[in-house]
$ cat start.csv   # CSV, C-alpha atoms
chain,number,residue,atom,x,y,z
P,1,ALA,CA,12.5,49.4,-16.0
P,2,ARG,CA,15.2,50.5,-18.5
P,3,ALA,CA,17.1,52.7,-16.1
P,4,PRO,CA,19.0,49.9,-14.2
P,5,PRO,CA,20.6,48.3,-17.3
P,6,ARG,CA,21.6,51.8,-18.6
P,7,LEU,CA,23.2,52.7,-15.2
P,8,LEU,CA,25.0,49.3,-15.2
P,9,LEU,CA,26.3,49.9,-18.7
P,10,ILE,CA,27.7,53.3,-17.6
P,11,ALA,CA,29.2,51.8,-14.5
P,12,ILE,CA,31.0,49.1,-16.6
P,13,ASN,CA,32.3,51.7,-19.0
P,14,ILE,CA,34.0,53.8,-16.3
P,15,PRO,CA,36.8,51.2,-15.5
P,16,ALA,CA,37.0,50.5,-19.3
P,17,VAL,CA,37.8,54.2,-19.9
P,18,ILE,CA,40.3,54.2,-17.0
P,19,MET,CA,42.0,51.1,-18.4
P,20,SER,CA,42.2,52.5,-21.9
P,21,SER,CA,44.0,55.6,-20.5
P,22,GLN,CA,46.7,53.3,-19.1
P,23,ARG,CA,47.6,52.1,-22.6
P,24,TYR,CA,47.7,48.4,-21.9
P,25,ASP,CA,48.8,46.0,-24.6
P,26,VAL,CA,45.8,45.1,-26.8
P,27,ILE,CA,46.8,41.4,-27.1
P,28,GLY,CA,47.0,41.2,-23.3
P,29,LEU,CA,43.5,42.7,-22.9
P,30,PHE,CA,42.1,40.3,-25.4
P,31,LEU,CA,43.7,37.4,-23.5
P,32,VAL,CA,42.1,38.6,-20.2
P,33,ALA,CA,38.7,38.8,-22.0
P,34,ASP,CA,39.2,35.3,-23.4
P,35,LEU,CA,39.9,33.9,-20.0
P,36,VAL,CA,36.9,35.6,-18.5
P,37,CYS,CA,34.7,34.1,-21.3
P,38,ALA,CA,36.3,30.7,-20.6
P,39,THR,CA,34.8,30.8,-17.1
P,40,ALA,CA,31.3,31.2,-18.6
P,41,VAL,CA,31.3,29.4,-21.9
P,42,LEU,CA,30.2,25.9,-20.6
P,43,PRO,CA,27.7,27.2,-18.0
P,44,VAL,CA,26.0,29.3,-20.7
P,45,PHE,CA,25.9,26.5,-23.4
P,46,LEU,CA,24.8,23.9,-20.8
P,47,GLY,CA,21.8,26.1,-20.3
P,48,LEU,CA,20.5,24.9,-23.7
P,49,ILE,CA,19.6,21.6,-21.9
P,50,THR,CA,15.9,21.8,-21.1
P,51,GLN,CA,15.3,18.3,-19.7
P,52,ASP,CA,17.2,16.0,-17.2
P,53,TRP,CA,19.2,13.2,-18.9
P,54,LYS,CA,19.9,10.3,-16.6
P,55,PHE,CA,22.2,11.7,-13.9
P,56,VAL,CA,22.9,14.9,-15.8
P,57,PRO,CA,20.4,17.6,-14.6
P,58,ALA,CA,19.2,20.5,-16.8
P,59,PRO,CA,21.2,23.4,-15.3
P,60,THR,CA,19.4,25.9,-13.1
P,61,GLU,CA,20.0,29.6,-13.2
P,62,LEU,CA,21.6,29.6,-9.7
P,63,GLY,CA,23.7,26.5,-10.7
P,64,ALA,CA,25.1,28.3,-13.8
P,65,PHE,CA,25.9,31.4,-11.8
P,66,LEU,CA,27.8,29.4,-9.2
P,67,GLY,CA,29.5,27.5,-12.0
P,68,ILE,CA,30.9,30.7,-13.5
P,69,TRP,CA,32.3,31.6,-10.1
P,70,SER,CA,33.8,28.2,-9.8
P,71,GLY,CA,35.6,28.9,-13.1
P,72,ILE,CA,36.9,32.2,-11.7
P,73,ALA,CA,38.1,30.3,-8.6
P,74,ALA,CA,39.8,27.7,-10.8
P,75,VAL,CA,41.9,30.5,-12.4
P,76,ILE,CA,42.9,31.9,-9.0
P,77,VAL,CA,43.8,28.4,-7.7
P,78,ASN,CA,45.8,27.7,-10.8
P,79,GLY,CA,47.8,30.9,-10.3
P,80,HIS,CA,48.4,30.1,-6.7
P,81,VAL,CA,49.6,26.6,-7.6
P,82,ILE,CA,52.3,27.8,-10.0
P,83,GLY,CA,53.3,30.6,-7.5
P,84,PHE,CA,52.0,33.5,-9.6
P,85,ASP,CA,51.6,36.6,-7.4
P,86,ARG,CA,51.9,39.6,-9.8
P,87,ALA,CA,51.5,40.3,-13.5
P,88,VAL,CA,54.5,42.0,-15.1
P,89,ASN,CA,54.6,43.5,-18.6
P,90,SER,CA,57.3,41.4,-20.4
P,91,ILE,CA,58.3,44.4,-22.6
P,92,THR,CA,58.4,47.3,-20.3
P,93,GLY,CA,58.9,45.4,-17.0
P,94,GLU,CA,56.0,47.4,-15.5
P,95,VAL,CA,53.9,45.7,-12.8
P,96,ILE,CA,50.4,45.5,-14.2
P,97,ALA,CA,48.6,43.9,-11.3
P,98,THR,CA,49.2,42.1,-8.0
P,99,GLY,CA,47.2,39.8,-5.8
P,100,PRO,CA,45.2,36.6,-6.6
P,101,PHE,CA,43.3,38.1,-9.6
P,102,SER,CA,46.6,39.1,-11.3
P,103,TYR,CA,46.8,35.7,-12.9
P,104,PHE,CA,44.0,36.7,-15.3
P,105,TRP,CA,46.7,38.7,-17.2
P,106,LEU,CA,48.5,35.4,-18.0
P,107,THR,CA,51.9,36.9,-18.3
P,108,ASN,CA,53.5,33.5,-18.2
P,109,SER,CA,56.0,33.9,-21.0
P,110,SER,CA,58.3,36.7,-22.1
P,111,GLN,CA,58.1,35.6,-25.7
P,112,CYS,CA,54.3,36.1,-26.4
P,113,ALA,CA,51.1,36.3,-24.6
P,114,LEU,CA,49.9,32.9,-25.8
P,115,CYS,CA,53.1,31.0,-25.2
P,116,GLY,CA,53.8,28.6,-22.3
P,117,SER,CA,52.2,25.4,-21.1
P,118,GLU,CA,50.7,27.2,-18.0
P,119,THR,CA,48.5,29.3,-20.3
P,120,MET,CA,47.4,26.2,-22.3
P,121,ILE,CA,46.6,24.3,-19.1
P,122,THR,CA,44.6,27.2,-17.7
P,123,PHE,CA,42.4,27.5,-20.8
P,124,ILE,CA,41.7,23.7,-20.7
P,125,VAL,CA,41.0,23.4,-16.9
P,126,THR,CA,39.0,26.6,-16.4
P,127,PRO,CA,35.9,25.8,-18.7
P,128,LEU,CA,35.9,22.1,-17.6
P,129,VAL,CA,35.8,23.1,-13.9
P,130,ALA,CA,33.1,25.7,-14.6
P,131,GLY,CA,30.9,23.2,-16.5
P,132,PHE,CA,31.4,20.4,-14.0
P,133,PHE,CA,30.4,22.6,-11.0
P,134,THR,CA,27.5,24.0,-13.0
P,135,LEU,CA,26.0,20.5,-13.1
P,136,VAL,CA,26.9,19.8,-9.5
P,137,PHE,CA,25.4,23.0,-8.1
P,138,SER,CA,22.3,22.6,-10.3
P,139,LYS,CA,21.8,19.1,-8.9
P,140,ILE,CA,22.1,20.4,-5.3
P,141,ASP,CA,19.8,23.3,-6.1
P,142,ILE,CA,17.1,20.9,-7.4
P,143,LEU,CA,17.4,18.7,-4.4
P,144,ILE,CA,17.1,21.6,-2.0
P,145,ARG,CA,14.5,23.8,-3.7
P,146,GLY,CA,12.6,21.3,-5.9
P,147,ASP,CA,10.5,22.8,-8.7
P,148,ARG,CA,11.4,26.4,-7.5
P,149,ALA,CA,14.9,25.8,-8.7
P,150,ARG,CA,13.6,26.0,-12.3
P,151,GLU,CA,12.2,29.5,-11.7
P,152,PRO,CA,14.4,32.6,-12.6
P,153,VAL,CA,16.4,33.9,-9.7
P,154,PHE,CA,17.3,37.3,-11.1
P,155,LYS,CA,14.2,39.1,-12.2
P,156,VAL,CA,15.6,42.7,-12.3
P,157,GLY,CA,14.1,44.6,-15.3
P,158,THR,CA,11.9,41.6,-16.3
P,159,ALA,CA,8.1,41.8,-16.2
P,160,GLU,CA,6.5,39.0,-14.2
P,161,PRO,CA,4.5,37.5,-17.1
P,162,GLU,CA,7.7,37.5,-19.2
P,163,ALA,CA,9.7,36.0,-16.4
P,164,LYS,CA,7.3,33.1,-16.1
P,165,ASN,CA,8.0,32.2,-19.7
P,166,TYR,CA,11.5,31.0,-18.6
P,167,ASN,CA,10.0,28.5,-16.1
P,168,LEU,CA,10.5,25.4,-18.2
P,169,ALA,CA,8.5,23.1,-15.9
P,170,ALA,CA,5.5,25.5,-15.8
P,171,THR,CA,5.7,26.1,-19.5
P,172,SER,CA,5.5,22.3,-20.1
P,173,GLU,CA,2.6,22.0,-17.8
P,174,ASN,CA,0.8,24.9,-19.5
P,175,ALA,CA,1.4,23.4,-22.9
P,176,ASP,CA,-0.2,20.1,-21.7
P,177,GLU,CA,-3.2,22.0,-20.3
P,178,ILE,CA,-3.6,24.0,-23.5
P,179,GLN,CA,-3.5,20.8,-25.6
P,180,ASN,CA,-6.0,19.1,-23.3
P,181,GLY,CA,-8.3,22.1,-23.4
P,182,LYS,CA,-8.2,22.2,-27.2
P,183,ALA,CA,-9.1,18.5,-27.4
P,184,LEU,CA,-12.0,19.1,-25.1
P,185,GLU,CA,-13.2,22.0,-27.2
P,186,GLU,CA,-13.0,19.9,-30.3
P,187,GLN,CA,-15.1,17.2,-28.7
P,188,VAL,CA,-17.7,19.7,-27.6
P,189,ASP,CA,-18.1,21.8,-30.8
P,190,GLY,CA,-17.4,18.9,-33.2
P,191,THR,CA,-14.2,20.4,-34.7
P,192,SER,CA,-11.9,17.4,-34.2
P,193,GLU,CA,-10.4,15.7,-37.3
P,194,GLU,CA,-12.6,12.7,-36.9
P,195,ASN,CA,-15.7,14.8,-36.8
P,196,LYS,CA,-14.6,16.8,-39.7
P,197,ASP,CA,-14.1,13.6,-41.8
P,198,TRP,CA,-17.6,12.4,-40.9
P,199,ALA,CA,-19.0,15.9,-41.8
P,200,VAL,CA,-17.4,15.6,-45.2
P,201,VAL,CA,-18.8,12.2,-45.8
P,202,GLU,CA,-22.3,13.2,-44.7
P,203,THR,CA,-22.2,16.3,-47.0
P,204,ALA,CA,-21.2,14.1,-50.0
P,205,VAL,CA,-24.0,11.6,-49.3
P,206,LYS,CA,-26.5,14.4,-49.0
P,207,ASN,CA,-25.4,16.0,-52.2
P,208,GLU,CA,-25.8,12.6,-54.0
P,209,GLU,CA,-29.3,12.2,-52.6
P,210,ASP,CA,-30.3,15.7,-53.7
P,211,ALA,CA,-28.9,15.0,-57.2
P,212,GLU,CA,-30.9,11.7,-57.4
P,213,VAL,CA,-34.1,13.5,-56.4
P,214,GLU,CA,-33.6,16.2,-59.0
P,215,ILE,CA,-33.0,13.6,-61.7
P,216,ALA,CA,-36.1,11.6,-60.6
P,217,SER,CA,-38.2,14.7,-60.7

$ encode --input "start.csv" --output "structure tokens"
Amino acid sequence: ARAPPRLLLIAINIPAVIMSSQRYDVIGLFLVADLVCATAVLPVFLGLITQDWKFVPAPTELGAFLGIWSGIAAVIVNGHVIGFDRAVNSITGEVIATGPFSYFWLTNSSQCALCGSETMITFIVTPLVAGFFTLVFSKIDILIRGDRAREPVFKVGTAEPEAKNYNLAATSENADEIQNGKALEEQVDGTSEENKDWAVVETAVKNEEDAEVEIAS
């Protein structure tokens, strides 16, 4: 069960090693990482919502996944709108990347990596689009699949009993069943709080009666 994550980690490190050998600018790499994180920040934190609130649904796993891809699409569309087709190193003049994904390098200004209104707008629009479509796709997912939308979609490397713990609807139902079961057991074996109070009173009365008998004798 641990082999797939380890193989995935190795596969991710291969392009990382290749990129490090190209001696890219560190600030530029951090900027790419920040923009990638911006596509996922709201879908991830919206996942903290566990109950529907009016017209805002609790995000589903599939909805959050599609929301992240919507954020990536927002970056690509933003680059297309401003006519960005290749990333060029402002210092060396070297072409870093071409194509639709080249805008992730955000080489909008020759002064610094963080300069320019295009970069600022991108970092504002991207998380908002990702968060909005996370809620939209989650709502559609719930309408189509119903309660199954709350179940985990990606169960790779996750044991079945552990995966069921992430089913919020089932967890809530199980909690209610457990609570009802405990109440029934308390009624049967007399361990409820009310029965315990009566038991204490009866014990005290019995002790007083025993004390009176001893005094009388």

$ residues_around --input "start.csv" --residues "P:Pro43" --least-positions-apart "2" --cutoff "9 Å" --atoms "all atoms listed in the file" --output "VMD selection string"
chain P and resid 39 to 41 45 to 47 59 63 to 65 67 to 68 127 130 to 135

$ atom_distance --input "start.csv" --atom1 "atom CA of P:Val17" --atom2 "atom CA of P:Asn108"
26.0 Å

$ residues_around --input "start.csv" --residues "P:Val153" --least-positions-apart "5" --cutoff "10 Å" --atoms "all atoms listed in the file" --output "count of residues only"
5

$ closest_residue --input "start.csv" --among "P:Gly79, P:Gly146, P:Gly28, P:Gly116" --to "P:Gly99" --atoms "all atoms listed in the file"
P:Gly79

$ closest_residue --input "start.csv" --among "P:Leu48, P:Phe55, P:Trp105, P:Ile14" --to "P:Val26" --atoms "only C-alpha atoms"
P:Trp105

$ closest_residue --input "start.csv" --among "P:Ile76, P:Leu35, P:Leu66, P:Ile121" --to "P:Lys139" --atoms "only C-alpha atoms"
P:Leu66

$ atom_distance --input "start.csv" --atom1 "atom CA of P:Arg23" --atom2 "atom CA of P:Ile96"
11.0 Å

$ atom_distance --input "start.csv" --atom1 "atom CA of P:Ile12" --atom2 "atom CA of P:Leu29"
15.4 Å

$ residues_around --input "start.csv" --residues "P:Val36" --least-positions-apart "6" --cutoff "9 Å" --atoms "only C-alpha atoms" --output "list of chain:residue names"
P:Gly71, P:Ile72, P:Phe104

$ decode --input "start.csv" --residues "stretch 43-54 of chain P" --atoms "N, CA, C and O atoms" --output "compact mmCIF listing (two decimals), in the first residue's frame"
# COMPACT_ATOMS: atom_id res chain seq x y z
N PRO P 43 -10.08 25.95 -2.85
CA PRO P 43 -10.70 24.60 -2.82
C PRO P 43 -10.30 23.80 -1.60
O PRO P 43 -11.12 23.07 -1.03
N VAL P 44 -9.05 23.93 -1.14
CA VAL P 44 -8.61 23.17 0.03
C VAL P 44 -9.26 23.70 1.30
O VAL P 44 -9.81 22.94 2.11
N PHE P 45 -9.26 25.01 1.50
CA PHE P 45 -9.81 25.56 2.74
C PHE P 45 -11.33 25.52 2.76
O PHE P 45 -11.92 25.46 3.84
N LEU P 46 -11.97 25.55 1.60
CA LEU P 46 -13.42 25.38 1.58
C LEU P 46 -13.81 23.97 2.00
O LEU P 46 -14.94 23.73 2.43
N GLY P 47 -12.85 23.04 1.91
CA GLY P 47 -13.12 21.68 2.37
C GLY P 47 -13.33 21.58 3.87
O GLY P 47 -13.78 20.54 4.36
N LEU P 48 -13.03 22.65 4.62
CA LEU P 48 -13.29 22.66 6.05
C LEU P 48 -14.78 22.78 6.36
O LEU P 48 -15.21 22.54 7.49
N ILE P 49 -15.58 23.18 5.36
CA ILE P 49 -17.03 23.26 5.54
C ILE P 49 -17.58 21.85 5.54
O ILE P 49 -17.37 21.09 4.59
N THR P 50 -18.29 21.47 6.59
CA THR P 50 -18.82 20.11 6.72
C THR P 50 -20.33 20.03 6.56
O THR P 50 -20.87 18.94 6.46
N GLN P 51 -21.00 21.17 6.55
CA GLN P 51 -22.46 21.17 6.40
C GLN P 51 -22.87 22.23 5.40
O GLN P 51 -22.23 23.29 5.31
N ASP P 52 -23.95 21.96 4.65
CA ASP P 52 -24.47 22.94 3.71
C ASP P 52 -25.00 24.16 4.47
O ASP P 52 -25.62 24.02 5.52
N TRP P 53 -24.75 25.34 3.92
CA TRP P 53 -25.22 26.58 4.53
C TRP P 53 -26.00 27.36 3.48
O TRP P 53 -25.42 27.92 2.56
N LYS P 54 -27.34 27.31 3.62
CA LYS P 54 -28.24 27.96 2.67
C LYS P 54 -27.93 27.45 1.26
O LYS P 54 -28.05 26.28 0.98
